[in-house]
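K.L.:
Just entry_25.cif, nothing more (mmCIF, C-alpha atoms and all ligand atoms):
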data_final
#
loop_
_atom_site.group_PDB
_atom_site.id
_atom_site.type_symbol
_atom_site.label_atom_id
_atom_site.label_comp_id
_atom_site.auth_asym_id
_atom_site.auth_seq_id
_atom_site.Cartn_x
_atom_site.Cartn_y
_atom_site.Cartn_z
ATOM 1 C CA MET L 1 -78.721 216.199 -107.573
ATOM 2 C CA LYS L 2 -80.641 218.772 -109.628
ATOM 3 C CA ILE L 3 -82.115 217.898 -113.021
ATOM 4 C CA LYS L 4 -83.255 220.469 -115.545
ATOM 5 C CA VAL L 5 -84.815 219.874 -118.933
ATOM 6 C CA ILE L 6 -83.863 222.142 -121.811
ATOM 7 C CA PRO L 7 -86.270 221.347 -124.641
ATOM 8 C CA SER L 8 -85.220 222.201 -128.159
ATOM 9 C CA ALA L 9 -88.035 223.962 -129.951
ATOM 10 C CA SER L 10 -86.635 223.338 -133.414
ATOM 11 C CA LEU L 11 -85.852 219.644 -132.895
ATOM 12 C CA GLY L 12 -88.585 218.663 -130.436
ATOM 13 C CA ALA L 13 -85.989 216.809 -128.355
ATOM 14 C CA ASN L 14 -85.038 217.100 -124.686
ATOM 15 C CA CYS L 15 -81.579 218.009 -123.457
ATOM 16 C CA TYR L 16 -80.991 217.569 -119.718
ATOM 17 C CA THR L 17 -78.553 219.119 -117.281
ATOM 18 C CA VAL L 18 -77.653 217.318 -114.062
ATOM 19 C CA LEU L 19 -75.895 219.178 -111.284
ATOM 20 C CA SER L 20 -74.427 218.149 -107.944
ATOM 21 C CA ASP L 21 -71.920 219.721 -105.532
ATOM 22 C CA ASN L 22 -69.025 218.666 -107.704
ATOM 23 C CA ALA L 23 -70.465 217.377 -110.991
ATOM 24 C CA ALA L 24 -72.121 218.982 -114.020
ATOM 25 C CA ILE L 25 -73.443 216.711 -116.762
ATOM 26 C CA VAL L 26 -75.195 217.563 -120.031
ATOM 27 C CA ILE L 27 -77.213 214.761 -121.602
ATOM 28 C CA ASP L 28 -78.053 214.867 -125.331
ATOM 29 C CA PRO L 29 -77.375 218.430 -126.473
ATOM 30 C CA GLY L 30 -79.261 218.186 -129.770
ATOM 31 C CA GLU L 31 -78.247 221.726 -130.556
ATOM 32 C CA PHE L 32 -75.841 224.287 -129.169
ATOM 33 C CA SER L 33 -77.601 226.834 -126.990
ATOM 34 C CA GLN L 34 -76.517 229.653 -124.746
ATOM 35 C CA SER L 35 -78.173 228.096 -121.689
ATOM 36 C CA ILE L 36 -76.351 224.769 -122.103
ATOM 37 C CA TYR L 37 -73.067 226.606 -122.705
ATOM 38 C CA ASP L 38 -73.631 228.772 -119.594
ATOM 39 C CA PHE L 39 -74.390 225.677 -117.496
ATOM 40 C CA LEU L 40 -71.008 224.167 -118.362
ATOM 41 C CA GLU L 41 -69.138 227.447 -118.024
ATOM 42 C CA GLU L 42 -70.701 228.352 -114.682
ATOM 43 C CA ASN L 43 -69.689 224.967 -113.316
ATOM 44 C CA LYS L 44 -66.160 224.964 -114.650
ATOM 45 C CA GLU L 45 -64.651 223.980 -111.313
ATOM 46 C CA LYS L 46 -66.787 220.831 -111.151
ATOM 47 C CA GLN L 47 -66.199 217.583 -112.987
ATOM 48 C CA ARG L 48 -68.074 217.886 -116.265
ATOM 49 C CA LEU L 49 -69.232 215.501 -118.971
ATOM 50 C CA ILE L 50 -71.377 215.504 -122.124
ATOM 51 C CA LEU L 51 -73.268 212.216 -122.253
ATOM 52 C CA LEU L 52 -74.972 210.999 -125.445
ATOM 53 C CA THR L 53 -77.709 208.366 -125.368
ATOM 54 C CA HIS L 54 -77.382 207.592 -129.070
ATOM 55 C CA CYS L 55 -76.065 208.882 -132.384
ATOM 56 C CA HIS L 56 -79.107 210.619 -133.921
ATOM 57 C CA PHE L 57 -78.681 214.240 -135.028
ATOM 58 C CA ASP L 58 -81.371 215.596 -132.719
ATOM 59 C CA HIS L 59 -79.433 214.300 -129.675
ATOM 60 C CA ILE L 60 -75.842 215.074 -130.659
ATOM 61 C CA GLY L 61 -75.995 218.188 -132.846
ATOM 62 C CA GLY L 62 -74.626 220.569 -130.190
ATOM 63 C CA ALA L 63 -72.022 218.249 -128.652
ATOM 64 C CA GLU L 64 -69.004 219.122 -130.769
ATOM 65 C CA LYS L 65 -69.377 222.892 -130.395
ATOM 66 C CA LEU L 66 -69.927 222.550 -126.642
ATOM 67 C CA ARG L 67 -66.792 220.409 -126.351
ATOM 68 C CA GLU L 68 -64.755 222.939 -128.310
ATOM 69 C CA ARG L 69 -65.948 225.980 -126.371
ATOM 70 C CA THR L 70 -65.976 224.496 -122.869
ATOM 71 C CA GLU L 71 -63.339 221.748 -123.105
ATOM 72 C CA THR L 72 -65.767 219.137 -121.810
ATOM 73 C CA LYS L 73 -65.365 215.519 -122.867
ATOM 74 C CA ILE L 74 -68.052 213.584 -124.749
ATOM 75 C CA ALA L 75 -69.069 210.007 -123.905
ATOM 76 C CA ILE L 76 -71.217 207.592 -125.951
ATOM 77 C CA GLY L 77 -71.829 203.835 -126.025
ATOM 78 C CA GLU L 78 -68.966 201.836 -127.521
ATOM 79 C CA ASN L 79 -71.169 200.364 -130.247
ATOM 80 C CA GLU L 80 -72.197 203.821 -131.352
ATOM 81 C CA PHE L 81 -68.722 205.328 -131.183
ATOM 82 C CA GLU L 82 -68.144 205.362 -134.961
ATOM 83 C CA ALA L 83 -71.728 206.293 -135.804
ATOM 84 C CA THR L 84 -71.325 210.018 -135.022
ATOM 85 C CA ILE L 85 -69.088 210.420 -138.071
ATOM 86 C CA SER L 86 -71.635 208.895 -140.439
ATOM 87 C CA SER L 87 -74.368 211.098 -141.886
ATOM 88 C CA SER L 88 -76.476 208.022 -142.601
ATOM 89 C CA LYS L 89 -76.205 206.753 -138.991
ATOM 90 C CA THR L 90 -76.942 210.162 -137.460
ATOM 91 C CA LEU L 91 -79.960 210.403 -139.824
ATOM 92 C CA SER L 92 -78.562 213.742 -140.900
ATOM 93 C CA ASP L 93 -78.980 212.628 -144.543
ATOM 94 C CA TYR L 94 -82.471 211.268 -144.004
ATOM 95 C CA PHE L 95 -83.827 214.446 -142.402
ATOM 96 C CA GLY L 96 -81.622 216.864 -144.360
ATOM 97 C CA ILE L 97 -80.206 218.463 -141.214
ATOM 98 C CA PHE L 98 -76.462 218.923 -141.242
ATOM 99 C CA VAL L 99 -74.400 217.771 -138.265
ATOM 100 C CA SER L 100 -70.650 218.117 -138.554
ATOM 101 C CA PRO L 101 -69.060 214.711 -137.983
ATOM 102 C CA PHE L 102 -67.092 214.206 -134.765
ATOM 103 C CA LYS L 103 -65.858 211.438 -132.532
ATOM 104 C CA ALA L 104 -66.561 211.189 -128.804
ATOM 105 C CA ASP L 105 -63.710 210.957 -126.269
ATOM 106 C CA ILE L 106 -65.047 208.102 -124.182
ATOM 107 C CA ALA L 107 -66.597 204.802 -125.341
ATOM 108 C CA ILE L 108 -68.895 203.365 -122.674
ATOM 109 C CA LYS L 109 -69.393 199.642 -122.146
ATOM 110 C CA ASN L 110 -72.661 197.994 -121.202
ATOM 111 C CA GLY L 111 -72.947 197.770 -117.414
ATOM 112 C CA GLU L 112 -70.156 200.247 -116.802
ATOM 113 C CA ILE L 113 -70.474 202.674 -113.908
ATOM 114 C CA LEU L 114 -68.981 206.067 -114.678
ATOM 115 C CA SER L 115 -67.938 208.377 -111.866
ATOM 116 C CA VAL L 116 -68.468 212.073 -112.487
ATOM 117 C CA GLY L 117 -67.600 213.938 -109.304
ATOM 118 C CA ASN L 118 -69.680 212.315 -106.610
ATOM 119 C CA LEU L 119 -72.277 211.080 -109.109
ATOM 120 C CA LYS L 120 -72.369 207.511 -110.322
ATOM 121 C CA VAL L 121 -73.761 206.890 -113.792
ATOM 122 C CA LYS L 122 -74.902 203.326 -114.398
ATOM 123 C CA CYS L 123 -74.897 202.593 -118.123
ATOM 124 C CA PHE L 124 -77.337 200.179 -119.764
ATOM 125 C CA GLU L 125 -76.926 199.354 -123.437
ATOM 126 C CA THR L 126 -80.439 199.329 -124.904
ATOM 127 C CA PRO L 127 -80.349 198.409 -128.609
ATOM 128 C CA GLY L 128 -83.477 198.553 -130.750
ATOM 129 C CA HIS L 129 -83.897 202.220 -131.698
ATOM 130 C CA THR L 130 -80.236 202.206 -132.743
ATOM 131 C CA VAL L 131 -77.545 199.535 -132.548
ATOM 132 C CA GLY L 132 -75.702 200.714 -129.458
ATOM 133 C CA GLY L 133 -77.925 203.248 -127.720
ATOM 134 C CA MET L 134 -77.566 203.672 -123.961
ATOM 135 C CA CYS L 135 -79.807 204.568 -121.030
ATOM 136 C CA TYR L 136 -78.148 206.233 -118.056
ATOM 137 C CA LEU L 137 -79.209 205.829 -114.425
ATOM 138 C CA LEU L 138 -78.206 208.535 -111.953
ATOM 139 C CA GLU L 139 -79.617 207.897 -108.468
ATOM 140 C CA ASN L 140 -83.299 207.174 -109.210
ATOM 141 C CA ALA L 141 -83.403 209.026 -112.539
ATOM 142 C CA LEU L 142 -83.164 207.151 -115.820
ATOM 143 C CA PHE L 143 -82.270 209.094 -118.965
ATOM 144 C CA SER L 144 -83.834 206.876 -121.564
ATOM 145 C CA GLY L 145 -82.975 208.625 -124.843
ATOM 146 C CA ASP L 146 -85.265 207.334 -127.584
ATOM 147 C CA THR L 147 -85.703 203.885 -126.039
ATOM 148 C CA LEU L 148 -88.606 204.469 -123.642
ATOM 149 C CA PHE L 149 -91.111 207.335 -123.750
ATOM 150 C CA LYS L 150 -94.201 208.078 -121.703
ATOM 151 C CA LEU L 151 -96.761 205.612 -123.108
ATOM 152 C CA SER L 152 -94.601 205.028 -126.170
ATOM 153 C CA ILE L 153 -91.266 203.693 -127.400
ATOM 154 C CA GLY L 154 -88.611 204.791 -129.882
ATOM 155 C CA ARG L 155 -89.078 204.329 -133.616
ATOM 156 C CA THR L 156 -87.765 201.066 -134.997
ATOM 157 C CA ASP L 157 -88.398 201.749 -138.681
ATOM 158 C CA PHE L 158 -84.993 203.339 -139.330
ATOM 159 C CA PRO L 159 -82.365 201.104 -140.989
ATOM 160 C CA ASP L 160 -80.776 200.032 -137.665
ATOM 161 C CA GLY L 161 -84.040 199.689 -135.758
ATOM 162 C CA SER L 162 -85.541 196.468 -134.431
ATOM 163 C CA PHE L 163 -88.798 196.082 -132.526
ATOM 164 C CA LYS L 164 -87.625 192.740 -131.137
ATOM 165 C CA GLU L 165 -84.470 194.340 -129.766
ATOM 166 C CA ILE L 166 -86.157 197.410 -128.278
ATOM 167 C CA SER L 167 -88.746 195.192 -126.554
ATOM 168 C CA LYS L 168 -85.934 193.144 -125.027
ATOM 169 C CA SER L 169 -84.137 196.308 -123.907
ATOM 170 C CA ILE L 170 -87.230 197.798 -122.287
ATOM 171 C CA LYS L 171 -88.104 194.532 -120.541
ATOM 172 C CA MET L 172 -84.576 194.494 -119.158
ATOM 173 C CA LEU L 173 -85.126 198.011 -117.742
ATOM 174 C CA TYR L 174 -88.472 196.896 -116.217
ATOM 175 C CA GLU L 175 -86.672 194.015 -114.526
ATOM 176 C CA GLU L 176 -83.606 195.918 -113.350
ATOM 177 C CA LEU L 177 -85.152 199.122 -112.071
ATOM 178 C CA PRO L 178 -87.506 199.864 -109.160
ATOM 179 C CA ASP L 179 -91.017 201.003 -110.074
ATOM 180 C CA ASP L 180 -90.442 204.494 -108.683
ATOM 181 C CA THR L 181 -87.489 205.174 -111.005
ATOM 182 C CA VAL L 182 -88.242 208.448 -112.790
ATOM 183 C CA VAL L 183 -87.752 208.220 -116.556
ATOM 184 C CA PHE L 184 -86.531 211.311 -118.424
ATOM 185 C CA PRO L 185 -86.965 210.565 -122.132
ATOM 186 C CA GLY L 186 -85.410 212.117 -125.214
ATOM 187 C CA HIS L 187 -88.818 213.428 -126.306
ATOM 188 C CA GLY L 188 -91.902 214.377 -124.305
ATOM 189 C CA GLU L 189 -92.742 214.270 -120.616
ATOM 190 C CA ALA L 190 -91.123 212.360 -117.776
ATOM 191 C CA THR L 191 -92.716 209.140 -116.521
ATOM 192 C CA GLN L 192 -91.960 206.277 -114.124
ATOM 193 C CA ILE L 193 -90.888 202.693 -114.682
ATOM 194 C CA GLY L 194 -93.864 201.289 -112.725
ATOM 195 C CA TYR L 195 -96.328 203.365 -114.752
ATOM 196 C CA GLU L 196 -94.863 202.194 -118.081
ATOM 197 C CA LYS L 197 -94.814 198.552 -116.913
ATOM 198 C CA ASN L 198 -98.566 198.786 -116.434
ATOM 199 C CA TYR L 199 -99.719 201.148 -119.161
ATOM 200 C CA ASN L 200 -97.190 201.343 -121.999
ATOM 201 C CA PRO L 201 -99.185 200.108 -125.019
ATOM 202 C CA TYR L 202 -96.084 198.745 -126.824
ATOM 203 C CA VAL L 203 -94.049 196.999 -124.133
ATOM 204 C CA ARG L 204 -95.782 196.077 -120.910
ATOM 205 C CA ASN L 205 -94.908 194.049 -117.821
ATOM 206 C CA VAL L 206 -92.181 191.416 -118.117
HETATM 207 ZN ZN ZN Y 301 -83.229 208.788 -132.062
#
Would you mind writing the file out in structure tokens?
Ligand SMILES: [Zn+2]

P.N.:
Amino acid sequence: MKIKVIPSASLGANCYTVLSDNAAIVIDPGEFSQSIYDFLEENKEKQRLILLTHCHFDHIGGAEKLRERTETKIAIGENEFEATISSSKTLSDYFGIFVSPFKADIAIKNGEILSVGNLKVKCFETPGHTVGGMCYLLENALFSGDTLFKLSIGRTDFPDGSFKEISKSIKMLYEELPDDTVVFPGHGEATQIGYEKNYNPYVRNV
């Protein structure tokens, strides 16, 4: 399994590509870019998926155009399924950045394990930053969206945010995942579960 980060300079968010022998996954395309498009096109013969951690504009902005141009399906948590059509939920209104409304193809349930080619994606619903945000575990890599960052956590001051909920979600991740799980967040550098358990100033050990 090969992971690549494609940072968006204009949005300051991370998009990731995950590749295996027979799977090609794009996580959180905040904007359409040639390199993300090429990744999906070059791996046409593999099973492909666009996975969204949550509904905010800087994580979903490129999804619809990628789907259209590459015929790749989009998946998002079931409790966020309607949110991508709402400019208040995507924070498109709040930040004044237009995202054309769309609906995903697949609604993911908490605890579900998606199969994409030979890859298994374990899905954890992690509310707190948004209502139905998800973190995705592929082998020992966790894509944590805006739930858990290196030495930080996602904002909870937006209308659907809750510090109590995000703390619960992160503690659940600390409990469920081995310390050496590598965390690939929606913003900033990668980290590890064990490191955050010990040093995260917002949510520490269970
Ligand atoms: Zn967000």

K.L.:
Around ligand ZN 301 (chain Y), at most 12 Å away and counting all atoms listed in the file, which residues are there? Put them as a PDB file with C-alpha atoms, in the coordinates of the input, please.

P.N.:
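Resulting contents of out18.pdb:
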ATOM      1  CA  LEU L  11     -85.852 219.644-132.895  1.00  0.00           C
ATOM      2  CA  GLY L  12     -88.585 218.663-130.436  1.00  0.00           C
ATOM      3  CA  ALA L  13     -85.989 216.809-128.355  1.00  0.00           C
ATOM      4  CA  ASN L  14     -85.038 217.100-124.686  1.00  0.00           C
ATOM      5  CA  ASP L  28     -78.053 214.867-125.331  1.00  0.00           C
ATOM      6  CA  GLY L  30     -79.261 218.186-129.770  1.00  0.00           C
ATOM      7  CA  LEU L  52     -74.972 210.999-125.445  1.00  0.00           C
ATOM      8  CA  THR L  53     -77.709 208.366-125.368  1.00  0.00           C
ATOM      9  CA  HIS L  54     -77.382 207.592-129.070  1.00  0.00           C
ATOM     10  CA  CYS L  55     -76.065 208.882-132.384  1.00  0.00           C
ATOM     11  CA  HIS L  56     -79.107 210.619-133.921  1.00  0.00           C
ATOM     12  CA  PHE L  57     -78.681 214.240-135.028  1.00  0.00           C
ATOM     13  CA  ASP L  58     -81.371 215.596-132.719  1.00  0.00           C
ATOM     14  CA  HIS L  59     -79.433 214.300-129.675  1.00  0.00           C
ATOM     15  CA  ILE L  60     -75.842 215.074-130.659  1.00  0.00           C
ATOM     16  CA  GLY L  61     -75.995 218.188-132.846  1.00  0.00           C
ATOM     17  CA  LYS L  89     -76.205 206.753-138.991  1.00  0.00           C
ATOM     18  CA  THR L  90     -76.942 210.162-137.460  1.00  0.00           C
ATOM     19  CA  LEU L  91     -79.960 210.403-139.824  1.00  0.00           C
ATOM     20  CA  SER L  92     -78.562 213.742-140.900  1.00  0.00           C
ATOM     21  CA  PHE L  95     -83.827 214.446-142.402  1.00  0.00           C
ATOM     22  CA  PRO L 127     -80.349 198.409-128.609  1.00  0.00           C
ATOM     23  CA  GLY L 128     -83.477 198.553-130.750  1.00  0.00           C
ATOM     24  CA  HIS L 129     -83.897 202.220-131.698  1.00  0.00           C
ATOM     25  CA  THR L 130     -80.236 202.206-132.743  1.00  0.00           C
ATOM     26  CA  VAL L 131     -77.545 199.535-132.548  1.00  0.00           C
ATOM     27  CA  GLY L 132     -75.702 200.714-129.458  1.00  0.00           C
ATOM     28  CA  GLY L 133     -77.925 203.248-127.720  1.00  0.00           C
ATOM     29  CA  MET L 134     -77.566 203.672-123.961  1.00  0.00           C
ATOM     30  CA  SER L 144     -83.834 206.876-121.564  1.00  0.00           C
ATOM     31  CA  GLY L 145     -82.975 208.625-124.843  1.00  0.00           C
ATOM     32  CA  ASP L 146     -85.265 207.334-127.584  1.00  0.00           C
ATOM     33  CA  THR L 147     -85.703 203.885-126.039  1.00  0.00           C
ATOM     34  CA  LEU L 148     -88.606 204.469-123.642  1.00  0.00           C
ATOM     35  CA  PHE L 149     -91.111 207.335-123.750  1.00  0.00           C
ATOM     36  CA  ILE L 153     -91.266 203.693-127.400  1.00  0.00           C
ATOM     37  CA  GLY L 154     -88.611 204.791-129.882  1.00  0.00           C
ATOM     38  CA  ARG L 155     -89.078 204.329-133.616  1.00  0.00           C
ATOM     39  CA  THR L 156     -87.765 201.066-134.997  1.00  0.00           C
ATOM     40  CA  ASP L 157     -88.398 201.749-138.681  1.00  0.00           C
ATOM     41  CA  PHE L 158     -84.993 203.339-139.330  1.00  0.00           C
ATOM     42  CA  PRO L 159     -82.365 201.104-140.989  1.00  0.00           C
ATOM     43  CA  ASP L 160     -80.776 200.032-137.665  1.00  0.00           C
ATOM     44  CA  GLY L 161     -84.040 199.689-135.758  1.00  0.00           C
ATOM     45  CA  PRO L 185     -86.965 210.565-122.132  1.00  0.00           C
ATOM     46  CA  GLY L 186     -85.410 212.117-125.214  1.00  0.00           C
ATOM     47  CA  HIS L 187     -88.818 213.428-126.306  1.00  0.00           C
TER      48      HIS L 187
END

K.L.:
In the coordinates of the file, take the point (-68.9, 201.7, -116.2) and a cut-off of 12 Å; then, counting only C-alpha atoms, name each qualifying protein, DNA or RNA residue as number ranges by chain.

P.N.:
L: 75-78, 106-116, 120-125, 134, 136-137

K.L.:
Would you put the residues from that selection into a file with C-alpha atoms, as an mmCIF file, in the coordinates of the input?

P.N.:
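The resulting file, selection_21.cif, is reproduced below:
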data_model
loop_
_atom_site.group_PDB
_atom_site.id
_atom_site.type_symbol
_atom_site.label_atom_id
_atom_site.label_comp_id
_atom_site.auth_asym_id
_atom_site.auth_seq_id
_atom_site.Cartn_x
_atom_site.Cartn_y
_atom_site.Cartn_z
ATOM 1 C CA ALA L 75 -69.069 210.007 -123.905
ATOM 2 C CA ILE L 76 -71.217 207.592 -125.951
ATOM 3 C CA GLY L 77 -71.829 203.835 -126.025
ATOM 4 C CA GLU L 78 -68.966 201.836 -127.521
ATOM 5 C CA ILE L 106 -65.047 208.102 -124.182
ATOM 6 C CA ALA L 107 -66.597 204.802 -125.341
ATOM 7 C CA ILE L 108 -68.895 203.365 -122.674
ATOM 8 C CA LYS L 109 -69.393 199.642 -122.146
ATOM 9 C CA ASN L 110 -72.661 197.994 -121.202
ATOM 10 C CA GLY L 111 -72.947 197.770 -117.414
ATOM 11 C CA GLU L 112 -70.156 200.247 -116.802
ATOM 12 C CA ILE L 113 -70.474 202.674 -113.908
ATOM 13 C CA LEU L 114 -68.981 206.067 -114.678
ATOM 14 C CA SER L 115 -67.938 208.377 -111.866
ATOM 15 C CA VAL L 116 -68.468 212.073 -112.487
ATOM 16 C CA LYS L 120 -72.369 207.511 -110.322
ATOM 17 C CA VAL L 121 -73.761 206.890 -113.792
ATOM 18 C CA LYS L 122 -74.902 203.326 -114.398
ATOM 19 C CA CYS L 123 -74.897 202.593 -118.123
ATOM 20 C CA PHE L 124 -77.337 200.179 -119.764
ATOM 21 C CA GLU L 125 -76.926 199.354 -123.437
ATOM 22 C CA MET L 134 -77.566 203.672 -123.961
ATOM 23 C CA TYR L 136 -78.148 206.233 -118.056
ATOM 24 C CA LEU L 137 -79.209 205.829 -114.425
#

K.L.:
One decimal, in Å: what's the spacing between CA of Lys150 (chain L) and CA of Ala190 (chain L)?

P.N.:
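Separating CA of Lys150 (chain L) from CA of Ala190 (chain L) is a distance of 6.6 Å.
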
K.L.:
List the neighbours of Gln192 (chain L) out to 12 Å using only C-alpha atoms; skip same-chain residues closer than 6 positions along the sequence, and give me the result as a PDB file with C-alpha atoms, in the frame of the given file.

P.N.:
ATOM      1  CA  ASN L 140     -83.299 207.174-109.210  1.00  0.00           C
ATOM      2  CA  ALA L 141     -83.403 209.026-112.539  1.00  0.00           C
ATOM      3  CA  LEU L 142     -83.164 207.151-115.820  1.00  0.00           C
ATOM      4  CA  PHE L 143     -82.270 209.094-118.965  1.00  0.00           C
ATOM      5  CA  SER L 144     -83.834 206.876-121.564  1.00  0.00           C
ATOM      6  CA  LEU L 148     -88.606 204.469-123.642  1.00  0.00           C
ATOM      7  CA  PHE L 149     -91.111 207.335-123.750  1.00  0.00           C
ATOM      8  CA  LYS L 150     -94.201 208.078-121.703  1.00  0.00           C
ATOM      9  CA  LEU L 151     -96.761 205.612-123.108  1.00  0.00           C
ATOM     10  CA  LEU L 173     -85.126 198.011-117.742  1.00  0.00           C
ATOM     11  CA  TYR L 174     -88.472 196.896-116.217  1.00  0.00           C
ATOM     12  CA  LEU L 177     -85.152 199.122-112.071  1.00  0.00           C
ATOM     13  CA  PRO L 178     -87.506 199.864-109.160  1.00  0.00           C
ATOM     14  CA  ASP L 179     -91.017 201.003-110.074  1.00  0.00           C
ATOM     15  CA  ASP L 180     -90.442 204.494-108.683  1.00  0.00           C
ATOM     16  CA  THR L 181     -87.489 205.174-111.005  1.00  0.00           C
ATOM     17  CA  VAL L 182     -88.242 208.448-112.790  1.00  0.00           C
ATOM     18  CA  VAL L 183     -87.752 208.220-116.556  1.00  0.00           C
ATOM     19  CA  PHE L 184     -86.531 211.311-118.424  1.00  0.00           C
ATOM     20  CA  PRO L 185     -86.965 210.565-122.132  1.00  0.00           C
ATOM     21  CA  ASN L 198     -98.566 198.786-116.434  1.00  0.00           C
ATOM     22  CA  TYR L 199     -99.719 201.148-119.161  1.00  0.00           C
ATOM     23  CA  ASN L 200     -97.190 201.343-121.999  1.00  0.00           C
TER      24      ASN L 200
END

K.L.:
Would you compute the distance between CA of Asp93 (chain L) and CA of Gly188 (chain L)? Give it in Å to one decimal.

P.N.:
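It comes out at 24.1 Å.
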
K.L.:
Rounded to one decimal place, report the CA of Ile74 (chain L)-CA of Gly117 (chain L) distance in Å.

P.N.:
15.5 Å

K.L.:
Between L:Gly62, L:Lys46, L:Pro201, L:Ser88, which one has atoms that come closest to Leu119 (chain L), using all atoms listed in the file?

P.N.:
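Ranking L:Gly62, L:Lys46, L:Pro201, L:Ser88 by distance to Leu119 (chain L), first place goes to L:Lys46.
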
K.L.:
Can I get the residues of region 12-85 of chain L within 9 Å of region 100-103 of chain L, each with the closest pair of atoms and their distance in Å to one decimal, using only C-alpha atoms, sorted chain first then ascending number, as JSON lines?

P.N.:
{"residue": "L:Gly61", "atom": "CA", "partner": "L:Ser100", "partner_atom": "CA", "distance": 7.8}
{"residue": "L:Ala63", "atom": "CA", "partner": "L:Phe102", "partner_atom": "CA", "distance": 8.8}
{"residue": "L:Glu64", "atom": "CA", "partner": "L:Phe102", "partner_atom": "CA", "distance": 6.6}
{"residue": "L:Ile74", "atom": "CA", "partner": "L:Lys103", "partner_atom": "CA", "distance": 8.4}
{"residue": "L:Phe81", "atom": "CA", "partner": "L:Lys103", "partner_atom": "CA", "distance": 6.9}
{"residue": "L:Glu82", "atom": "CA", "partner": "L:Lys103", "partner_atom": "CA", "distance": 6.9}
{"residue": "L:Ala83", "atom": "CA", "partner": "L:Lys103", "partner_atom": "CA", "distance": 8.5}
{"residue": "L:Thr84", "atom": "CA", "partner": "L:Phe102", "partner_atom": "CA", "distance": 6.0}
{"residue": "L:Ile85", "atom": "CA", "partner": "L:Pro101", "partner_atom": "CA", "distance": 4.3}

K.L.:
Considering all atoms listed in the file, can you say which of L:Thr191, L:Cys135, L:Glu31, L:Glu176 comes closest to Phe98 (chain L)?

P.N.:
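Result for the nearest residue to Phe98 (chain L): L:Glu31.
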
K.L.:
Between L:Glu196, L:Asp105, L:Glu68, L:Glu45, which residue has the minimum interatomic distance to Phe32 (chain L), considering only C-alpha atoms?

P.N.:
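Smallest separation from Phe32 (chain L) among the options: L:Glu68.
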